[in-house]
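target10.json follows; it contains JSON, C-alpha atoms.
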[["chain", "number", "residue", "atom", "x", "y", "z"],
["A", 1, "MET", "CA", 108.90, 117.30, 99.21],
["A", 2, "SER", "CA", 105.48, 118.78, 99.92],
["A", 3, "GLU", "CA", 104.83, 122.24, 98.55],
["A", 4, "ALA", "CA", 103.08, 123.31, 101.70],
["A", 5, "ALA", "CA", 106.35, 122.94, 103.59],
["A", 6, "ASP", "CA", 107.96, 125.63, 101.44],
["A", 7, "PRO", "CA", 105.81, 128.79, 101.76],
["A", 8, "MET", "CA", 108.49, 131.04, 100.21],
["A", 9, "SER", "CA", 108.57, 128.94, 97.08],
["A", 10, "SER", "CA", 109.62, 130.69, 93.90],
["A", 11, "SER", "CA", 111.47, 129.24, 90.94],
["A", 12, "THR", "CA", 114.73, 131.03, 91.80],
["A", 13, "LEU", "CA", 114.56, 129.97, 95.41],
["A", 14, "ASP", "CA", 113.72, 126.41, 94.32],
["A", 15, "ARG", "CA", 116.80, 126.31, 92.15],
["A", 16, "ASP", "CA", 119.02, 127.49, 95.00],
["A", 17, "VAL", "CA", 117.45, 125.06, 97.42],
["A", 18, "HIS", "CA", 117.93, 122.18, 95.01],
["A", 19, "ALA", "CA", 121.52, 123.13, 94.23],
["A", 20, "ASP", "CA", 122.15, 123.25, 97.99],
["A", 21, "THR", "CA", 120.45, 119.87, 98.51],
["A", 22, "GLN", "CA", 122.47, 118.40, 95.67],
["A", 23, "ALA", "CA", 125.74, 119.58, 97.23],
["A", 24, "THR", "CA", 124.72, 118.24, 100.65],
["A", 25, "TRP", "CA", 123.67, 114.85, 99.22],
["A", 26, "GLN", "CA", 126.87, 114.60, 97.19],
["A", 27, "SER", "CA", 129.06, 115.24, 100.23],
["A", 28, "LEU", "CA", 127.16, 112.61, 102.25],
["A", 29, "LEU", "CA", 127.38, 110.10, 99.39],
["A", 30, "GLU", "CA", 131.13, 110.58, 99.06],
["A", 31, "ARG", "CA", 131.67, 109.30, 102.60],
["A", 32, "ILE", "CA", 130.08, 105.92, 101.85],
["A", 33, "PRO", "CA", 132.61, 103.40, 100.48],
["A", 34, "TYR", "CA", 129.88, 101.12, 99.08],
["A", 35, "ALA", "CA", 128.17, 104.05, 97.33],
["A", 36, "ARG", "CA", 131.49, 104.84, 95.64],
["A", 37, "HIS", "CA", 131.84, 101.16, 94.72],
["A", 38, "LEU", "CA", 128.40, 101.18, 93.08],
["A", 39, "GLY", "CA", 129.36, 104.43, 91.31],
["A", 40, "LEU", "CA", 126.40, 106.43, 92.68],
["A", 41, "GLU", "CA", 126.21, 110.13, 91.89],
["A", 42, "VAL", "CA", 123.79, 112.90, 92.81],
["A", 43, "GLN", "CA", 122.01, 114.72, 90.02],
["A", 44, "HIS", "CA", 119.68, 117.67, 89.83],
["A", 45, "SER", "CA", 116.93, 117.21, 87.29],
["A", 46, "GLY", "CA", 114.17, 119.79, 86.88],
["A", 47, "THR", "CA", 112.50, 120.14, 90.26],
["A", 48, "ARG", "CA", 114.10, 117.19, 92.01],
["A", 49, "VAL", "CA", 117.39, 115.91, 93.34],
["A", 50, "GLN", "CA", 117.98, 112.31, 92.32],
["A", 51, "VAL", "CA", 120.62, 109.61, 92.66],
["A", 52, "HIS", "CA", 122.01, 108.01, 89.51],
["A", 53, "LEU", "CA", 123.27, 104.41, 89.33],
["A", 54, "PRO", "CA", 125.30, 104.32, 86.10],
["A", 55, "TYR", "CA", 125.20, 100.99, 84.29],
["A", 56, "ARG", "CA", 128.22, 98.68, 84.54],
["A", 57, "ASP", "CA", 128.45, 95.00, 83.57],
["A", 58, "ALA", "CA", 129.35, 94.19, 87.19],
["A", 59, "LEU", "CA", 125.77, 95.13, 88.23],
["A", 60, "ILE", "CA", 124.14, 92.35, 86.22],
["A", 61, "GLY", "CA", 122.06, 89.83, 88.16],
["A", 62, "ASN", "CA", 120.47, 88.00, 85.23],
["A", 63, "ILE", "CA", 122.79, 87.26, 82.33],
["A", 64, "MET", "CA", 119.98, 86.02, 80.06],
["A", 65, "LEU", "CA", 117.73, 89.12, 79.99],
["A", 66, "PRO", "CA", 120.10, 90.90, 80.85],
["A", 67, "ALA", "CA", 118.88, 92.68, 83.98],
["A", 68, "VAL", "CA", 120.45, 94.64, 86.83],
["A", 69, "HIS", "CA", 120.65, 92.62, 90.08],
["A", 70, "GLY", "CA", 117.80, 93.22, 92.51],
["A", 71, "GLY", "CA", 120.44, 93.75, 95.20],
["A", 72, "ALA", "CA", 122.00, 96.64, 93.27],
["A", 73, "ILE", "CA", 118.53, 98.24, 93.06],
["A", 74, "GLY", "CA", 118.07, 97.57, 96.79],
["A", 75, "GLY", "CA", 121.41, 99.29, 97.46],
["A", 76, "LEU", "CA", 120.41, 102.31, 95.37],
["A", 77, "ILE", "CA", 117.16, 102.54, 97.39],
["A", 78, "GLU", "CA", 118.78, 102.16, 100.82],
["A", 79, "ILE", "CA", 121.58, 104.62, 100.17],
["A", 80, "THR", "CA", 119.21, 107.20, 98.63],
["A", 81, "ALA", "CA", 116.96, 106.89, 101.70],
["A", 82, "ARG", "CA", 119.94, 107.22, 104.01],
["A", 83, "ILE", "CA", 121.32, 110.44, 102.51],
["A", 84, "ALA", "CA", 117.81, 111.93, 102.20],
["A", 85, "ALA", "CA", 117.24, 111.31, 105.93],
["A", 86, "GLN", "CA", 120.75, 112.32, 106.94],
["A", 87, "SER", "CA", 120.58, 115.61, 105.03],
["A", 88, "ARG", "CA", 117.50, 116.56, 107.07],
["A", 89, "ASP", "CA", 119.17, 115.94, 110.42],
["A", 90, "ALA", "CA", 120.37, 119.13, 112.10],
["A", 91, "ARG", "CA", 123.70, 117.52, 113.02],
["A", 92, "ALA", "CA", 123.90, 115.37, 109.83],
["A", 93, "ARG", "CA", 124.26, 112.27, 112.02],
["A", 94, "ARG", "CA", 124.49, 108.93, 110.23],
["A", 95, "PRO", "CA", 121.19, 107.10, 110.70],
["A", 96, "ARG", "CA", 121.00, 103.35, 111.09],
["A", 97, "ILE", "CA", 118.81, 101.51, 108.58],
["A", 98, "LEU", "CA", 116.32, 99.46, 110.59],
["A", 99, "ASP", "CA", 114.43, 97.82, 107.77],
["A", 100, "CYS", "CA", 113.95, 98.06, 104.04],
["A", 101, "ASN", "CA", 111.16, 96.64, 101.91],
["A", 102, "VAL", "CA", 111.43, 96.72, 98.12],
["A", 103, "ASP", "CA", 108.67, 95.88, 95.63],
["A", 104, "TYR", "CA", 110.01, 94.99, 92.19],
["A", 105, "LEU", "CA", 107.67, 96.31, 89.50],
["A", 106, "ARG", "CA", 109.51, 95.44, 86.28],
["A", 107, "SER", "CA", 112.96, 94.16, 85.45],
["A", 108, "ALA", "CA", 115.74, 96.75, 85.43],
["A", 109, "ARG", "CA", 117.51, 96.54, 82.10],
["A", 110, "ALA", "CA", 121.20, 97.09, 81.32],
["A", 111, "ARG", "CA", 121.14, 100.87, 81.48],
["A", 112, "SER", "CA", 121.13, 103.81, 83.91],
["A", 113, "THR", "CA", 118.80, 103.66, 86.92],
["A", 114, "TYR", "CA", 117.63, 106.70, 88.92],
["A", 115, "ALA", "CA", 116.15, 107.08, 92.40],
["A", 116, "ALA", "CA", 114.23, 109.86, 94.13],
["A", 117, "ALA", "CA", 113.29, 109.99, 97.80],
["A", 118, "GLU", "CA", 110.24, 111.27, 99.63],
["A", 119, "ILE", "CA", 110.42, 111.75, 103.39],
["A", 120, "VAL", "CA", 107.09, 110.37, 104.63],
["A", 121, "ARG", "CA", 107.65, 111.06, 108.29],
["A", 122, "GLN", "CA", 110.50, 112.62, 110.18],
["A", 123, "GLY", "CA", 110.12, 111.82, 113.84],
["A", 124, "ARG", "CA", 112.35, 112.54, 116.81],
["A", 125, "ARG", "CA", 114.21, 109.25, 116.46],
["A", 126, "THR", "CA", 113.01, 107.58, 113.27],
["A", 127, "THR", "CA", 112.55, 108.71, 109.69],
["A", 128, "LEU", "CA", 110.43, 106.86, 107.13],
["A", 129, "VAL", "CA", 111.46, 107.33, 103.50],
["A", 130, "HIS", "CA", 109.81, 106.18, 100.29],
["A", 131, "VAL", "CA", 112.10, 105.76, 97.29],
["A", 132, "SER", "CA", 111.08, 105.32, 93.67],
["A", 133, "CYS", "CA", 113.50, 103.91, 91.04],
["A", 134, "TRP", "CA", 113.12, 104.21, 87.30],
["A", 135, "GLN", "CA", 115.10, 103.94, 84.07],
["A", 136, "ASP", "CA", 113.37, 105.50, 81.06],
["A", 137, "ARG", "CA", 110.64, 107.54, 82.71],
["A", 138, "ALA", "CA", 109.79, 108.28, 86.33],
["A", 139, "SER", "CA", 106.19, 107.31, 85.46],
["A", 140, "THR", "CA", 107.24, 103.69, 84.78],
["A", 141, "PRO", "CA", 109.22, 102.79, 87.90],
["A", 142, "VAL", "CA", 111.23, 99.56, 88.11],
["A", 143, "ALA", "CA", 111.00, 99.40, 91.91],
["A", 144, "HIS", "CA", 109.53, 101.09, 94.98],
["A", 145, "GLY", "CA", 111.14, 100.93, 98.37],
["A", 146, "ARG", "CA", 110.28, 101.99, 101.89],
["A", 147, "VAL", "CA", 113.07, 102.41, 104.39],
["A", 148, "GLN", "CA", 112.84, 103.00, 108.13],
["A", 149, "LEU", "CA", 115.86, 104.69, 109.68],
["A", 150, "LEU", "CA", 116.86, 105.33, 113.28],
["A", 151, "PHE", "CA", 118.88, 108.20, 114.69],
["A", 152, "GLU", "CA", 120.27, 106.54, 117.76],
["A", 153, "THR", "CA", 120.33, 108.33, 121.06],
["A", 154, "VAL", "CA", 123.30, 106.81, 122.84],
["A", 155, "PRO", "CA", 123.56, 108.04, 126.43],
["A", 156, "ASN", "CA", 127.12, 106.88, 127.17],
["A", 157, "GLY", "CA", 128.69, 107.45, 123.81],
["A", 158, "LYS", "CA", 129.00, 103.71, 123.20],
["A", 159, "THR", "CA", 127.60, 101.85, 120.25],
["A", 160, "ARG", "CA", 124.89, 99.30, 120.79],
["A", 161, "GLU", "CA", 126.75, 96.69, 118.78],
["A", 162, "GLN", "CA", 127.59, 94.56, 121.82],
["A", 163, "GLN", "CA", 124.04, 94.39, 123.15],
["B", 164, "MET", "CA", 127.99, 80.73, 77.76],
["B", 165, "ALA", "CA", 130.51, 77.96, 77.21],
["B", 166, "GLY", "CA", 129.27, 74.42, 77.58],
["B", 167, "THR", "CA", 125.56, 75.21, 77.63],
["B", 168, "GLY", "CA", 124.96, 72.33, 75.18],
["B", 169, "ASN", "CA", 125.55, 69.90, 78.03],
["B", 170, "LEU", "CA", 123.15, 71.53, 80.48],
["B", 171, "ALA", "CA", 120.46, 68.89, 80.05],
["B", 172, "ASP", "CA", 122.86, 66.17, 81.16],
["B", 173, "HIS", "CA", 123.62, 67.94, 84.42],
["B", 174, "ASP", "CA", 121.82, 68.06, 87.72],
["B", 175, "PRO", "CA", 119.71, 71.29, 87.61],
["B", 176, "VAL", "CA", 120.80, 72.15, 91.15],
["B", 177, "ALA", "CA", 124.47, 71.87, 90.19],
["B", 178, "VAL", "CA", 123.83, 74.05, 87.15],
["B", 179, "ALA", "CA", 121.98, 76.65, 89.23],
["B", 180, "ARG", "CA", 124.84, 76.67, 91.73],
["B", 181, "GLN", "CA", 127.34, 77.31, 88.96],
["B", 182, "PHE", "CA", 125.07, 80.05, 87.58],
["B", 183, "GLY", "CA", 124.80, 81.57, 91.04],
["B", 184, "GLU", "CA", 128.54, 81.96, 91.36],
["B", 185, "GLN", "CA", 128.84, 83.41, 87.86],
["B", 186, "VAL", "CA", 126.31, 86.22, 88.32],
["B", 187, "PRO", "CA", 128.41, 89.38, 87.75],
["B", 188, "HIS", "CA", 127.06, 91.34, 90.75],
["B", 189, "SER", "CA", 127.56, 88.35, 93.08],
["B", 190, "ARG", "CA", 131.12, 87.87, 91.82],
["B", 191, "ASP", "CA", 131.80, 91.59, 92.17],
["B", 192, "LEU", "CA", 130.90, 91.47, 95.88],
["B", 193, "GLY", "CA", 132.75, 88.18, 96.44],
["B", 194, "MET", "CA", 129.87, 85.78, 97.13],
["B", 195, "GLN", "CA", 130.47, 82.02, 97.27],
["B", 196, "VAL", "CA", 127.91, 79.22, 97.41],
["B", 197, "LEU", "CA", 128.79, 77.03, 100.41],
["B", 198, "ALA", "CA", 125.95, 74.53, 100.13],
["B", 199, "MET", "CA", 122.91, 74.06, 97.98],
["B", 200, "GLU", "CA", 120.38, 71.60, 99.33],
["B", 201, "ALA", "CA", 116.65, 71.20, 98.78],
["B", 202, "ASP", "CA", 115.77, 72.83, 102.09],
["B", 203, "GLN", "CA", 118.51, 75.45, 102.35],
["B", 204, "VAL", "CA", 121.15, 77.38, 100.45],
["B", 205, "ARG", "CA", 124.14, 78.77, 102.30],
["B", 206, "MET", "CA", 126.18, 81.62, 100.82],
["B", 207, "ARG", "CA", 129.24, 83.34, 102.22],
["B", 208, "LEU", "CA", 130.80, 86.73, 101.57],
["B", 209, "VAL", "CA", 134.20, 87.96, 102.78],
["B", 210, "PRO", "CA", 133.87, 91.75, 102.71],
["B", 211, "GLY", "CA", 136.48, 94.06, 101.27],
["B", 212, "PRO", "CA", 136.95, 97.62, 102.60],
["B", 213, "GLU", "CA", 134.92, 98.99, 99.65],
["B", 214, "LEU", "CA", 131.74, 97.46, 101.12],
["B", 215, "ARG", "CA", 131.70, 99.57, 104.29],
["B", 216, "ALA", "CA", 128.89, 101.91, 105.33],
["B", 217, "ASP", "CA", 131.11, 104.88, 106.18],
["B", 218, "ASP", "CA", 134.72, 105.97, 105.83],
["B", 219, "ALA", "CA", 134.85, 106.45, 109.60],
["B", 220, "ALA", "CA", 133.36, 103.06, 110.61],
["B", 221, "GLU", "CA", 134.34, 99.41, 110.41],
["B", 222, "GLU", "CA", 130.76, 98.54, 109.63],
["B", 223, "LEU", "CA", 129.32, 96.89, 106.54],
["B", 224, "CYS", "CA", 126.81, 98.74, 104.37],
["B", 225, "THR", "CA", 123.42, 97.06, 104.88],
["B", 226, "SER", "CA", 123.00, 96.95, 101.09],
["B", 227, "VAL", "CA", 125.70, 94.27, 100.90],
["B", 228, "LEU", "CA", 123.56, 92.06, 103.16],
["B", 229, "TYR", "CA", 120.59, 92.92, 100.98],
["B", 230, "SER", "CA", 122.37, 91.70, 97.81],
["B", 231, "LEU", "CA", 123.57, 88.53, 99.56],
["B", 232, "VAL", "CA", 120.03, 87.68, 100.71],
["B", 233, "ASP", "CA", 118.51, 88.38, 97.29],
["B", 234, "SER", "CA", 121.08, 86.06, 95.68],
["B", 235, "ALA", "CA", 120.73, 83.29, 98.28],
["B", 236, "CYS", "CA", 116.92, 83.38, 98.09],
["B", 237, "GLY", "CA", 116.97, 83.15, 94.29],
["B", 238, "LEU", "CA", 119.20, 80.08, 94.45],
["B", 239, "ALA", "CA", 117.01, 78.57, 97.17],
["B", 240, "VAL", "CA", 114.02, 78.73, 94.81],
["B", 241, "PHE", "CA", 115.96, 76.76, 92.19],
["B", 242, "ALA", "CA", 117.12, 74.30, 94.85],
["B", 243, "ALA", "CA", 113.57, 73.73, 96.14],
["B", 244, "LEU", "CA", 112.05, 73.35, 92.67],
["B", 245, "ARG", "CA", 114.93, 71.43, 91.08],
["B", 246, "GLU", "CA", 114.17, 73.13, 87.77],
["B", 247, "LEU", "CA", 115.75, 76.00, 85.87],
["B", 248, "LYS", "CA", 112.69, 77.95, 84.75],
["B", 249, "PRO", "CA", 113.12, 81.71, 85.11],
["B", 250, "ILE", "CA", 112.04, 83.35, 88.37],
["B", 251, "ALA", "CA", 111.62, 86.98, 89.44],
["B", 252, "THR", "CA", 111.82, 88.72, 92.82],
["B", 253, "LEU", "CA", 108.40, 90.20, 93.67],
["B", 254, "ASP", "CA", 109.50, 91.75, 96.92],
["B", 255, "LEU", "CA", 112.18, 91.51, 99.57],
["B", 256, "ARG", "CA", 112.09, 92.86, 103.09],
["B", 257, "MET", "CA", 115.18, 93.11, 105.25],
["B", 258, "ASP", "CA", 115.26, 93.67, 109.00],
["B", 259, "TYR", "CA", 118.68, 94.84, 110.15],
["B", 260, "LEU", "CA", 118.85, 93.66, 113.76],
["B", 261, "ARG", "CA", 122.30, 95.07, 114.50],
["B", 262, "PRO", "CA", 125.29, 96.44, 112.61],
["B", 263, "ALA", "CA", 127.52, 93.88, 110.84],
["B", 264, "ALA", "CA", 131.27, 94.28, 111.39],
["B", 265, "ASN", "CA", 133.34, 94.66, 108.25],
["B", 266, "LYS", "CA", 136.02, 92.34, 109.68],
["B", 267, "ARG", "CA", 133.76, 89.28, 109.79],
["B", 268, "ALA", "CA", 132.56, 87.17, 106.89],
["B", 269, "LEU", "CA", 128.81, 87.04, 106.31],
["B", 270, "VAL", "CA", 126.88, 83.78, 105.98],
["B", 271, "ALA", "CA", 123.32, 83.80, 104.64],
["B", 272, "ILE", "CA", 121.07, 80.74, 105.00],
["B", 273, "ALA", "CA", 118.07, 80.90, 102.66],
["B", 274, "HIS", "CA", 115.12, 78.56, 103.14],
["B", 275, "CYS", "CA", 112.10, 78.21, 100.88],
["B", 276, "HIS", "CA", 109.35, 77.67, 103.46],
["B", 277, "HIS", "CA", 106.32, 77.60, 101.18],
["B", 278, "LEU", "CA", 105.65, 76.96, 97.51],
["B", 279, "THR", "CA", 102.50, 77.42, 95.48],
["B", 280, "ASP", "CA", 102.08, 76.89, 91.72],
["B", 281, "ASP", "CA", 102.95, 80.54, 91.14],
["B", 282, "VAL", "CA", 104.90, 81.80, 94.12],
["B", 283, "ALA", "CA", 107.83, 80.84, 96.38],
["B", 284, "PHE", "CA", 108.13, 82.27, 99.92],
["B", 285, "LEU", "CA", 111.57, 82.50, 101.48],
["B", 286, "ARG", "CA", 113.22, 83.38, 104.73],
["B", 287, "CYS", "CA", 116.92, 84.14, 105.04],
["B", 288, "PRO", "CA", 118.81, 85.03, 108.21],
["B", 289, "VAL", "CA", 122.31, 86.49, 107.84],
["B", 290, "PHE", "CA", 125.07, 85.78, 110.37],
["B", 291, "SER", "CA", 128.38, 87.48, 111.13],
["B", 292, "GLU", "CA", 130.68, 84.48, 111.17],
["B", 293, "GLY", "CA", 131.68, 83.51, 114.71],
["B", 294, "LEU", "CA", 128.89, 85.46, 116.43],
["B", 295, "ASP", "CA", 125.67, 84.00, 117.82],
["B", 296, "GLY", "CA", 122.33, 85.11, 116.44],
["B", 297, "PRO", "CA", 121.59, 86.75, 113.09],
["B", 298, "VAL", "CA", 122.60, 90.31, 112.24],
["B", 299, "ALA", "CA", 119.74, 90.56, 109.73],
["B", 300, "ILE", "CA", 116.72, 88.62, 108.51],
["B", 301, "GLY", "CA", 115.30, 88.75, 105.00],
["B", 302, "ASN", "CA", 111.85, 87.68, 103.80],
["B", 303, "ALA", "CA", 111.29, 87.38, 100.07],
["B", 304, "THR", "CA", 108.57, 86.42, 97.61],
["B", 305, "PHE", "CA", 109.46, 85.16, 94.13],
["B", 306, "MET", "CA", 107.26, 84.55, 91.09],
["B", 307, "ARG", "CA", 107.85, 81.12, 89.58],
["B", 308, "ALA", "CA", 108.30, 80.32, 85.88],
["B", 309, "THR", "CA", 107.94, 83.94, 84.80],
["B", 310, "GLN", "CA", 108.36, 83.22, 81.09],
["B", 311, "GLY", "CA", 107.78, 79.55, 80.27],
["B", 312, "LYS", "CA", 104.41, 79.36, 81.98],
["B", 313, "HIS", "CA", 103.17, 82.59, 80.46],
["B", 314, "PHE", "CA", 103.84, 81.27, 76.95],
["B", 315, "GLU", "CA", 102.09, 78.00, 77.73],
["B", 316, "THR", "CA", 99.05, 79.79, 79.13],
["B", 317, "THR", "CA", 98.60, 82.23, 76.27],
["B", 318, "ALA", "CA", 99.04, 79.45, 73.72],
["B", 319, "SER", "CA", 96.53, 77.12, 75.34],
["B", 320, "ARG", "CA", 93.79, 79.64, 76.16],
["B", 321, "SER", "CA", 91.44, 80.96, 73.52],
["B", 322, "ASP", "CA", 90.49, 84.01, 75.62],
["B", 323, "ALA", "CA", 94.10, 85.07, 76.12],
["B", 324, "VAL", "CA", 95.03, 88.55, 75.01]]
Would it be possible to restate this file's structure as structure tokens?
Amino acid sequence: MSEAADPMSSSTLDRDVHADTQATWQSLLERIPYARHLGLEVQHSGTRVQVHLPYRDALIGNIMLPAVHGGAIGGLIEITARIAAQSRDARARRPRILDCNVDYLRSARARSTYAAAEIVRQGRRTTLVHVSCWQDRASTPVAHGRVQLLFETVPNGKTREQQ
Amino acid sequence: MAGTGNLADHDPVAVARQFGEQVPHSRDLGMQVLAMEADQVRMRLVPGPELRADDAAEELCTSVLYSLVDSACGLAVFAALRELKPIATLDLRMDYLRPAANKRALVAIAHCHHLTDDVAFLRCPVFSEGLDGPVAIGNATFMRATQGKHFETTASRSDAV
């Protein structure tokens, strides 16, 4: 996300880069059954690529307010972090989410929610991603999340599930 | 909702349990409340194929565990307090210790380990049914009485804004 990382930056190039990122994110998102279940879609808005969680009644967590379930917001954050990290991997490997910490800033009302990711650190094995979620304006976020992901190095081609 | 006129006659924990199972997102994912006691709430989820992490893997999306823990912790606050005042999640942290197989049901056991006047602290391991040791552990903080108390405070304090 940092401007310094993009020395050739020009508005035309930015647009191409973002259109490319959007296509990559969309193809990664389409492989995730739970992302399809939530109805997530990738959007391109101004200078950023974002993930949209369209409102549905099935997302409600508090019938009285009403408000979107904190778990649905958590899912939006985790999946956005995952595709942001995965799109940066040279082999587009699927990372494993190690941990996720969400701070809820205000209740998410019964309408569209959006998420944008910032890669804080991309290491050899782990990637740390910050995700911001908002509804009306990006300047009044409903939640912030930080997600740590691992690109596993598996020497014998076996998963570590049995360990 | 139907029958709300009788709420006062019912045990608040029983009412909260019923509420918990009627939450649309919880129903959508297939969550059930197995037990609701003062010191723990147990919830179970039998995953469908739409909850997987990848088309090419029989692995559950971690976000399903996240939703289950958020729901179980919320109910555990009601169970510990035995009152139905509104609460709000301040934060929730999940540690995903290992992948959860899509074929196994999940069981989350939420425990409210500390309460102050304002805040409830919870811990919630998640198990893949039939396997030893948790697949994930959640830690959550909830604000208590997010509306009722605020009204009381502003009404009773002359310096309130």
Query - For A:Ala143, the nearest of the candidates A:Ser112, A:Gly74, A:Arg93, A:Leu128, counting only C-alpha atoms - result: A:Gly74
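With only C-alpha atoms as the basis for measurement, A:Arg106 is the residue among A:His52, A:His44, A:Arg121, A:Arg106 that approaches chain B most closely.
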Query raised in the report: Which residue gives the smallest distance to B:Ala243 among B:Ala263, B:Asp218, B:Pro187, B:Thr279, with all atoms listed in the file counted?
Result: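 Answer, going by the shortest atom-to-atom distance: B:Thr279.
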Requested in this report: Pick out the closest residue to A:Arg56 from this set: A:Arg96, A:Arg109, A:Arg88, A:Thr140. Count only C-alpha atoms.
Outcome: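 For A:Arg56, the nearest of the candidates is A:Arg109.
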Query - Nearest to chain A by atom-to-atom distance, counting all atoms listed in the file, from B:Ala201, B:Met206, B:Ala235, B:Ala268 - result: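 Ranked by minimum distance to chain A, first place goes to B:Ala235.
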Report task. State, in Å with one decimal place, the distance from atom CA of A:Thr24 to atom CA of B:Leu228. Result ->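 Result for atom CA of A:Thr24 versus atom CA of B:Leu228: 26.3 Å, one decimal.
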Query raised in the report: Quick one: which residues from chain A are at most 9 Å off chain B, using only C-alpha atoms, as a ChimeraX atom specification?
Result: /A:30-37,57-63,68-79,94,96-105,107,160-161,163
Query raised in the report: What is the atom CA of A:Glu152 to atom CA of A:Val49 distance in Å?
Result: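 Between atom CA of A:Glu152 and atom CA of A:Val49 the gap is 26.3 Å.
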Query - Close residues, A:Ala81 itself excluded, 7 Å, all atoms listed in the file, min 3 positions apart in chain, as an MDAnalysis selection string - result: chainID A and resid 77:78 84:85 117 129 131 147
Query raised in the report: Separation of atom CA of B:Val196 and atom CA of B:Val178, in Å?
Result: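 These two atoms are separated by 12.2 Å.
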Requested in this report: List every protein, DNA or RNA residue that has at least one atom no more than 7 Å from (109.2, 105.4, 97.0) in the file's coordinates, counting all atoms listed in the file, and write the result as number ranges by chain.
Outcome: A: 117-118, 130-132, 144-146
Box dimensions and centre (Å, one decimal) enclosing stretch 133-151 of chain A, axis-aligned, 6 Å extra per side, as AutoDock Vina command-line options:
--center_x 112.5 --center_y 103.8 --center_z 97.9 --size_x 24.7 --size_y 20.9 --size_z 45.6
